[in-house]
Amino acid sequence: MVQREVIEVFRRLGAIETGHFVYTSGKHGEVYVAKDLVVPSTRTVIDLTSMMSNEFHDEMIDTVIGIAPIGGIFASHLADWIQENTGRPTFAIFAEKKPFVDSTGRTVLNVPGGHHTDVLVVRESLRRFIDPQQRILIVEDIINTGKSVKALIKLVRELGGEDIWGVVALWNRGGVTADDLDVPNLFSLCDVQYTAWDEIDCPLCRENVPINTEFGHGKEFVAAHS
Ligand SMILES: [Zn+2]
């Protein structure tokens with residue numbers, strides 16, 4: 001039920017596109033979820049985080065953390081709801097992606113001429129909200145391969161966050177499990193998956209369906225193939 005509601009919300013906001021897309025993983029598929037388009041609808045963000053917070057009625061969560069900008073916005077609203085449910089303070093902080101700079105001061109690119117390689121950081125002033133005594137909840141918008149949420153979990157642990165309750169996500173598109181993430185709990189509002197193919201197996205490529213260059217990594221793909 002919730003699942004259908006979430007998809008309906010995304011559709012209403014024009015955040016679900018159909019066509020021929022290249023995802024961050026490099027795989028191809030015919031559905032793209034433009035999560036950025038959910039955030040401007042502030043009421044929707046509040047509604048979605050309210051649905052998420054139902055999982056935490058009795059849970060003591062001290063700190064909610066997400067990856068800025070979108071995960072930070074969701075963390076903020078979610079902490080607010082949890083605080084409302086439990087009557088005790090819950091804080092919201094965020095991690096940021098920063099370009100990786102090598103020892104010579106050069107920005108490292110993941111492929112020559114490509115995107116820079118990101119590292120995830122929590123700014124110094126916010127690290128006081130992560131320590132072995134704090135129970136931490138990690139919020140992620142959409143889990144595809146789980147790569148970015150895994151990086152966030154690793155970072156929280158490195159900063160001394162030993163008590164991670166788990167991960168709450170808007171949408172788990174990749175069938176990722178709590179075991180995969182090595183956390184006690186994983187909850188998502190929506191688990192619907194859409195097929196993704198390796199380029200070589202992509203039926204849309206075979207039919208010469210033009211690649212969408214507006215969303216995902218289509219632009220780079222087209223540039224690299226022309
Ligand atoms: Zn394709």
# chains A, B, ... in the order shown; residues from 1 in each chain; ligands from 1
$ residues_near_ligand --ligand "ligand 1" --cutoff "9 Å" --atoms "only C-alpha atoms and all ligand atoms" --output "list in words"
His20, Phe21, Val22, Lys27, His28, Gly29, Glu30, Trp197, Asp198, Glu199, Ile200, Asp201, Cys202, Pro203, Leu204, Cys205, Arg206, Glu207, Asn208, Val209, Pro210 and Ile211 of chain A
$ residues_around --residues "range 136-139 of chain A" --least-positions-apart "2" --cutoff "8 Å" --atoms "only C-alpha atoms" --output "PyMOL selection string"
chain A and resi 61-66+71+74-75+130+134+141+153+161+163-169
$ select_by_dssp --residues "range 8-225 of chain A" --states "strand (DSSP E or B)" --output "NGL selection string"
:A and (16-22 or 28-33 or 63-67 or 91-99 or 101 or 107 or 109 or 116 or 118-121 or 135-143 or 163-172 or 185-190 or 196-197)
$ atom_distance --atom1 "CA of Thr145 in chain A" --atom2 "CA of Asp191 in chain A"
13.0 Å
$ atom_distance --atom1 "CA of Leu13 in chain A" --atom2 "CA of Leu37 in chain A"
6.7 Å
$ atom_distance --atom1 "CA of Ser41 in chain A" --atom2 "CA of Val9 in chain A"
10.2 Å
$ select_by_dssp --residues "chain A" --states "helix (DSSP H, G or I)" --output "ChimeraX atom specification"
/A:2-12,35-37,42-56,70-86,124-129,147-158,178-181,199-201,203-206,218-224
$ residues_around --residues "range 146-149 of chain A" --least-positions-apart "3" --cutoff "8 Å" --atoms "only C-alpha atoms" --output "CSV table (one decimal) with N, CA and C atoms, in the first residue's frame"
chain,number,residue,atom,x,y,z
A,140,GLU,N,18.7,7.2,3.6
A,140,GLU,CA,19.2,7.2,2.2
A,140,GLU,C,17.9,7.5,1.4
A,143,ILE,N,18.2,3.6,-2.8
A,143,ILE,CA,19.3,2.6,-2.8
A,143,ILE,C,19.3,1.9,-4.2
A,152,LEU,N,28.7,5.6,3.5
A,152,LEU,CA,28.2,6.4,4.7
A,152,LEU,C,28.3,5.6,6.0
A,153,ILE,N,27.9,4.3,5.9
A,153,ILE,CA,28.0,3.5,7.1
A,153,ILE,C,29.5,3.3,7.5
A,174,GLY,N,17.5,-1.8,-5.5
A,174,GLY,CA,18.5,-2.8,-5.9
A,174,GLY,C,18.3,-4.1,-5.2
A,176,VAL,N,18.8,-4.6,-2.1
A,176,VAL,CA,19.9,-4.7,-1.2
A,176,VAL,C,19.3,-5.1,0.2
A,181,LEU,N,24.5,-4.7,3.8
A,181,LEU,CA,25.0,-3.4,4.4
A,181,LEU,C,25.7,-3.6,5.7
$ closest_residue --among "A:Ala68, A:Ala223, A:Met52, A:Val101" --to "Trp81 in chain A" --atoms "only C-alpha atoms"
A:Met52
$ closest_residue --among "A:Thr177, A:Thr24, A:Gln83, A:Asn172" --to "Leu189 in chain A" --atoms "only C-alpha atoms"
A:Asn172
$ residues_around --residues "Met51 in chain A" --least-positions-apart "3" --cutoff "10 Å" --atoms "only C-alpha atoms" --output "VMD selection string"
chain A and resid 2 6 45 to 48 54 to 55 78 81 170 188 to 189
$ closest_residue --among "A:Met60, A:Ile142, A:Arg4, A:Arg128" --to "Val38 in chain A" --atoms "only C-alpha atoms"
A:Ile142
$ residues_around --residues "Ala15 in chain A" --least-positions-apart "3" --cutoff "6 Å" --atoms "only C-alpha atoms" --output "short mmCIF file (atom, residue, chain, number, x, y, z; two decimals) with N, CA, C and O atoms, in the first residue's frame"
data_model
loop_
_atom_site.label_atom_id
_atom_site.label_comp_id
_atom_site.auth_asym_id
_atom_site.auth_seq_id
_atom_site.Cartn_x
_atom_site.Cartn_y
_atom_site.Cartn_z
N PHE A 10 5.88 9.96 -6.67
CA PHE A 10 6.97 10.22 -7.62
C PHE A 10 6.41 10.54 -9.01
O PHE A 10 6.88 11.45 -9.67
N ARG A 11 5.41 9.79 -9.41
CA ARG A 11 4.81 10.02 -10.73
C ARG A 11 4.18 11.41 -10.81
O ARG A 11 4.36 12.13 -11.78
N VAL A 33 14.46 7.29 -11.96
CA VAL A 33 13.82 7.98 -10.84
C VAL A 33 14.63 9.24 -10.53
O VAL A 33 15.78 9.16 -10.11
N ALA A 34 14.03 10.39 -10.81
CA ALA A 34 14.71 11.68 -10.62
C ALA A 34 14.40 12.19 -9.22
O ALA A 34 13.50 13.01 -9.03
N LEU A 37 13.67 15.82 -7.96
CA LEU A 37 12.38 16.47 -8.20
C LEU A 37 11.39 16.28 -7.06
O LEU A 37 10.32 16.88 -7.05
#
